[in-house]
$ cat coords_5.pdb   # PDB, C-alpha atoms
ATOM      1  CA  MET P   1     -73.364  11.696 -59.096
ATOM      2  CA  VAL P   2     -73.175  12.627 -55.408
ATOM      3  CA  ASN P   3     -70.790  10.838 -53.110
ATOM      4  CA  ALA P   4     -70.917  10.754 -49.320
ATOM      5  CA  ALA P   5     -68.026  13.221 -48.985
ATOM      6  CA  GLU P   6     -70.197  16.035 -50.386
ATOM      7  CA  TRP P   7     -72.706  15.784 -47.524
ATOM      8  CA  SER P   8     -71.856  17.679 -44.352
ATOM      9  CA  ALA P   9     -74.697  15.915 -42.484
ATOM     10  CA  LYS P  10     -76.680  12.892 -43.591
ATOM     11  CA  PRO P  11     -78.077  11.090 -40.541
ATOM     12  CA  ALA P  12     -80.203   7.982 -40.910
ATOM     13  CA  PRO P  13     -83.602   8.454 -39.271
ATOM     14  CA  PRO P  14     -84.808   6.272 -36.411
ATOM     15  CA  LEU P  15     -86.790   3.295 -37.624
ATOM     16  CA  PRO P  16     -89.978   2.713 -35.600
ATOM     17  CA  LEU P  17     -90.428  -0.716 -34.095
ATOM     18  CA  THR P  18     -93.699  -1.175 -35.974
ATOM     19  CA  ILE P  19     -91.748  -1.237 -39.230
ATOM     20  CA  LEU P  20     -89.393  -3.883 -37.883
ATOM     21  CA  ASP P  21     -92.330  -5.870 -36.514
ATOM     22  CA  GLN P  22     -94.123  -5.742 -39.882
ATOM     23  CA  GLN P  23     -90.836  -6.486 -41.699
ATOM     24  CA  TRP P  24     -91.600  -3.747 -44.218
ATOM     25  CA  GLN P  25     -89.068  -3.113 -46.942
ATOM     26  CA  GLY P  26     -89.136  -0.975 -50.040
ATOM     27  CA  SER P  27     -87.648   1.813 -52.137
ATOM     28  CA  VAL P  28     -88.643   5.469 -52.093
ATOM     29  CA  THR P  29     -87.554   8.005 -54.699
ATOM     30  CA  ILE P  30     -87.361  11.519 -53.278
ATOM     31  CA  ARG P  31     -86.568  14.921 -54.753
ATOM     32  CA  LEU P  32     -84.554  17.302 -52.582
ATOM     33  CA  MET P  33     -84.865  21.019 -53.167
ATOM     34  CA  LEU P  34     -81.820  22.710 -51.678
ATOM     35  CA  GLU P  35     -80.860  26.200 -50.599
ATOM     36  CA  GLN P  36     -77.513  27.599 -51.725
ATOM     37  CA  SER P  37     -76.282  27.028 -48.146
ATOM     38  CA  GLY P  38     -76.823  23.264 -48.566
ATOM     39  CA  ARG P  39     -79.882  23.081 -46.310
ATOM     40  CA  VAL P  40     -82.772  20.986 -47.589
ATOM     41  CA  ARG P  41     -85.651  23.365 -48.329
ATOM     42  CA  ASP P  42     -88.217  20.758 -49.394
ATOM     43  CA  VAL P  43     -88.499  17.000 -49.847
ATOM     44  CA  GLN P  44     -91.043  15.428 -52.185
ATOM     45  CA  VAL P  45     -91.791  11.761 -52.711
ATOM     46  CA  VAL P  46     -91.437  11.176 -56.452
ATOM     47  CA  ARG P  47     -92.103   7.423 -56.357
ATOM     48  CA  SER P  48     -93.687   5.801 -53.341
ATOM     49  CA  SER P  49     -92.558   2.550 -51.798
ATOM     50  CA  GLY P  50     -96.222   1.633 -51.506
ATOM     51  CA  ILE P  51     -95.897   1.858 -47.723
ATOM     52  CA  SER P  52     -96.753   5.339 -46.490
ATOM     53  CA  ALA P  53     -94.757   4.878 -43.266
ATOM     54  CA  LEU P  54     -91.533   4.243 -45.236
ATOM     55  CA  ASP P  55     -92.247   7.210 -47.509
ATOM     56  CA  GLU P  56     -92.694   9.479 -44.492
ATOM     57  CA  ILE P  57     -89.516   8.242 -42.784
ATOM     58  CA  ALA P  58     -87.559   8.900 -45.986
ATOM     59  CA  ARG P  59     -89.078  12.372 -46.344
ATOM     60  CA  GLU P  60     -88.536  13.382 -42.714
ATOM     61  CA  GLY P  61     -85.034  11.902 -42.587
ATOM     62  CA  ALA P  62     -83.857  13.589 -45.784
ATOM     63  CA  ALA P  63     -85.178  16.942 -44.549
ATOM     64  CA  LYS P  64     -82.358  16.869 -41.954
ATOM     65  CA  TRP P  65     -79.566  16.336 -44.465
ATOM     66  CA  ARG P  66     -77.075  19.104 -45.279
ATOM     67  CA  LEU P  67     -75.035  19.257 -48.458
ATOM     68  CA  ASP P  68     -71.653  20.941 -48.389
ATOM     69  CA  PRO P  69     -72.316  24.423 -49.880
ATOM     70  CA  ALA P  70     -69.462  23.961 -52.366
ATOM     71  CA  SER P  71     -71.301  20.917 -53.775
ATOM     72  CA  VAL P  72     -74.622  22.681 -54.425
ATOM     73  CA  ARG P  73     -75.363  22.990 -58.146
ATOM     74  CA  ALA P  74     -77.679  25.614 -59.620
ATOM     75  CA  SER P  75     -80.105  22.833 -60.589
ATOM     76  CA  ASP P  76     -80.293  21.702 -56.936
ATOM     77  CA  VAL P  77     -81.911  25.038 -56.115
ATOM     78  CA  THR P  78     -84.219  25.226 -59.145
ATOM     79  CA  ARG P  79     -85.116  21.612 -60.060
ATOM     80  CA  GLY P  80     -83.841  19.607 -57.131
ATOM     81  CA  ARG P  81     -81.825  16.434 -56.785
ATOM     82  CA  GLU P  82     -83.350  12.939 -56.779
ATOM     83  CA  HIS P  83     -82.344  10.027 -54.567
ATOM     84  CA  ILE P  84     -83.566   6.478 -54.224
ATOM     85  CA  ILE P  85     -83.657   5.254 -50.658
ATOM     86  CA  LYS P  86     -84.017   1.518 -50.210
ATOM     87  CA  PHE P  87     -85.173   0.279 -46.824
ATOM     88  CA  TYR P  88     -84.243  -3.278 -45.985
ATOM     89  CA  GLN P  89     -84.083  -5.385 -42.872
ATOM     90  CA  ASP P  90     -81.119  -7.349 -41.737
ATOM     91  CA  ALA P  91     -82.124 -10.535 -39.897
ATOM     92  CA  ARG P  92     -79.482  -9.861 -37.222
ATOM     93  CA  VAL P  93     -81.038  -6.470 -36.469
ATOM     94  CA  ARG P  94     -84.573  -7.869 -36.257
ATOM     95  CA  LYS P  95     -83.500 -10.404 -33.647
ATOM     96  CA  THR P  96     -81.693  -7.931 -31.397
ATOM     97  CA  TYR P  97     -83.340  -4.552 -31.865
ATOM     98  CA  ALA P  98     -83.974  -2.119 -29.049
ATOM     99  CA  PRO P  99     -85.651   1.240 -29.655
ATOM    100  CA  PRO P 100     -84.812   3.388 -31.470
ATOM    101  CA  VAL P 101     -83.267   1.523 -34.376
ATOM    102  CA  ALA P 102     -81.638   3.483 -37.190
ATOM    103  CA  ALA P 103     -83.055   2.844 -40.632
ATOM    104  CA  ARG P 104     -81.007   0.625 -42.870
ATOM    105  CA  TRP P 105     -80.980   2.098 -46.311
ATOM    106  CA  VAL P 106     -78.927   2.425 -49.416
ATOM    107  CA  GLU P 107     -79.175   5.151 -51.993
ATOM    108  CA  ARG P 108     -78.771   5.313 -55.700
ATOM    109  CA  THR P 109     -78.210   8.726 -57.217
ATOM    110  CA  ASN P 110     -77.437   7.783 -60.833
ATOM    111  CA  PHE P 111     -80.456   8.444 -63.000
TER     112      PHE P 111
END
$ encode --input "coords_5.pdb" --output "structure tokens"
Amino acid sequence: MVNAAEWSAKPAPPLPLTILDQQWQGSVTIRLMLEQSGRVRDVQVVRSSGISALDEIAREGAAKWRLDPASVRASDVTRGREHIIKFYQDARVRKTYAPPVAARWVERTNF
């Protein structure tokens, strides 16, 4: 299991206003292929949210993550590491948003 302390950079991507306006929510399972340095080499959508815009935000956002090199396992380089990203909307955010809004998401890494 990966905890937040192992990531040297893990920014949330901006969430386009169209997603807030449509009130889209969903979960995306992604596979991260890493380099030994901790850089994300490739991101694949393993299970779609059913909303291509959410899938793309998850893919593009995760591509910017960096894992601490000491936390990279051999399997991260060969098979990858899977994450579930759940997009949800908080009613307080919807009422007060101003562009750009960071995505609200939670992850589950236990499989």
$ closest_residue --input "coords_5.pdb" --among "P:Gln22, P:Pro14, P:Ser27, P:Leu67" --to "Ser48 of chain P" --atoms "all atoms listed in the file"
P:Ser27
$ resolve_selection --input "coords_5.pdb" --expression "the PyMOL selection byres ((chain P and resi 69) around 9)" --output "PDB file with C-alpha atoms, in the coordinates of the input"
ATOM      1  CA  GLU P   6     -70.197  16.035 -50.386  1.00  0.00           C
ATOM      2  CA  TRP P   7     -72.706  15.784 -47.524  1.00  0.00           C
ATOM      3  CA  SER P   8     -71.856  17.679 -44.352  1.00  0.00           C
ATOM      4  CA  GLU P  35     -80.860  26.200 -50.599  1.00  0.00           C
ATOM      5  CA  GLN P  36     -77.513  27.599 -51.725  1.00  0.00           C
ATOM      6  CA  SER P  37     -76.282  27.028 -48.146  1.00  0.00           C
ATOM      7  CA  GLY P  38     -76.823  23.264 -48.566  1.00  0.00           C
ATOM      8  CA  ARG P  39     -79.882  23.081 -46.310  1.00  0.00           C
ATOM      9  CA  ARG P  66     -77.075  19.104 -45.279  1.00  0.00           C
ATOM     10  CA  LEU P  67     -75.035  19.257 -48.458  1.00  0.00           C
ATOM     11  CA  ASP P  68     -71.653  20.941 -48.389  1.00  0.00           C
ATOM     12  CA  ALA P  70     -69.462  23.961 -52.366  1.00  0.00           C
ATOM     13  CA  SER P  71     -71.301  20.917 -53.775  1.00  0.00           C
ATOM     14  CA  VAL P  72     -74.622  22.681 -54.425  1.00  0.00           C
ATOM     15  CA  ARG P  73     -75.363  22.990 -58.146  1.00  0.00           C
TER      16      ARG P  73
END
$ residues_near_point --input "coords_5.pdb" --point "(-93.0, 5.9, -45.4)" --cutoff "10 Å" --atoms "only C-alpha atoms" --output "ChimeraX atom specification"
/P:19,24-28,45,48-60,87
$ write_last_selection --input "coords_5.pdb" --atoms "C-alpha atoms" --output "PDB file, in the frame of the given file"
ATOM      1  CA  ILE P  19     -91.748  -1.237 -39.230  1.00  0.00           C
ATOM      2  CA  TRP P  24     -91.600  -3.747 -44.218  1.00  0.00           C
ATOM      3  CA  GLN P  25     -89.068  -3.113 -46.942  1.00  0.00           C
ATOM      4  CA  GLY P  26     -89.136  -0.975 -50.040  1.00  0.00           C
ATOM      5  CA  SER P  27     -87.648   1.813 -52.137  1.00  0.00           C
ATOM      6  CA  VAL P  28     -88.643   5.469 -52.093  1.00  0.00           C
ATOM      7  CA  VAL P  45     -91.791  11.761 -52.711  1.00  0.00           C
ATOM      8  CA  SER P  48     -93.687   5.801 -53.341  1.00  0.00           C
ATOM      9  CA  SER P  49     -92.558   2.550 -51.798  1.00  0.00           C
ATOM     10  CA  GLY P  50     -96.222   1.633 -51.506  1.00  0.00           C
ATOM     11  CA  ILE P  51     -95.897   1.858 -47.723  1.00  0.00           C
ATOM     12  CA  SER P  52     -96.753   5.339 -46.490  1.00  0.00           C
ATOM     13  CA  ALA P  53     -94.757   4.878 -43.266  1.00  0.00           C
ATOM     14  CA  LEU P  54     -91.533   4.243 -45.236  1.00  0.00           C
ATOM     15  CA  ASP P  55     -92.247   7.210 -47.509  1.00  0.00           C
ATOM     16  CA  GLU P  56     -92.694   9.479 -44.492  1.00  0.00           C
ATOM     17  CA  ILE P  57     -89.516   8.242 -42.784  1.00  0.00           C
ATOM     18  CA  ALA P  58     -87.559   8.900 -45.986  1.00  0.00           C
ATOM     19  CA  ARG P  59     -89.078  12.372 -46.344  1.00  0.00           C
ATOM     20  CA  GLU P  60     -88.536  13.382 -42.714  1.00  0.00           C
ATOM     21  CA  PHE P  87     -85.173   0.279 -46.824  1.00  0.00           C
TER      22      PHE P  87
END
$ closest_residue --input "coords_5.pdb" --among "P:Leu17, P:Ala12, P:Ala74, P:Ala63" --to "Arg31 of chain P" --atoms "only C-alpha atoms"
P:Ala63
$ axis_aligned_box --input "coords_5.pdb" --around "segment 73-87 of chain P" --padding-each-side "3 Å" --output "lines of an AutoDock Vina configuration file"
center_x = -80.3
center_y = 12.9
center_z = -53.7
size_x = 15.8
size_y = 31.3
size_z = 19.8
$ resolve_selection --input "coords_5.pdb" --expression "the PyMOL selection byres ((chain P and resi 42) around 7)" --output "PyMOL selection string"
chain P and resi 32-33+40-41+43-44+63
$ closest_residue --input "coords_5.pdb" --among "P:Lys86, P:Lys64, P:Arg47, P:Arg81" --to "Ala9 of chain P" --atoms "only C-alpha atoms"
P:Lys64
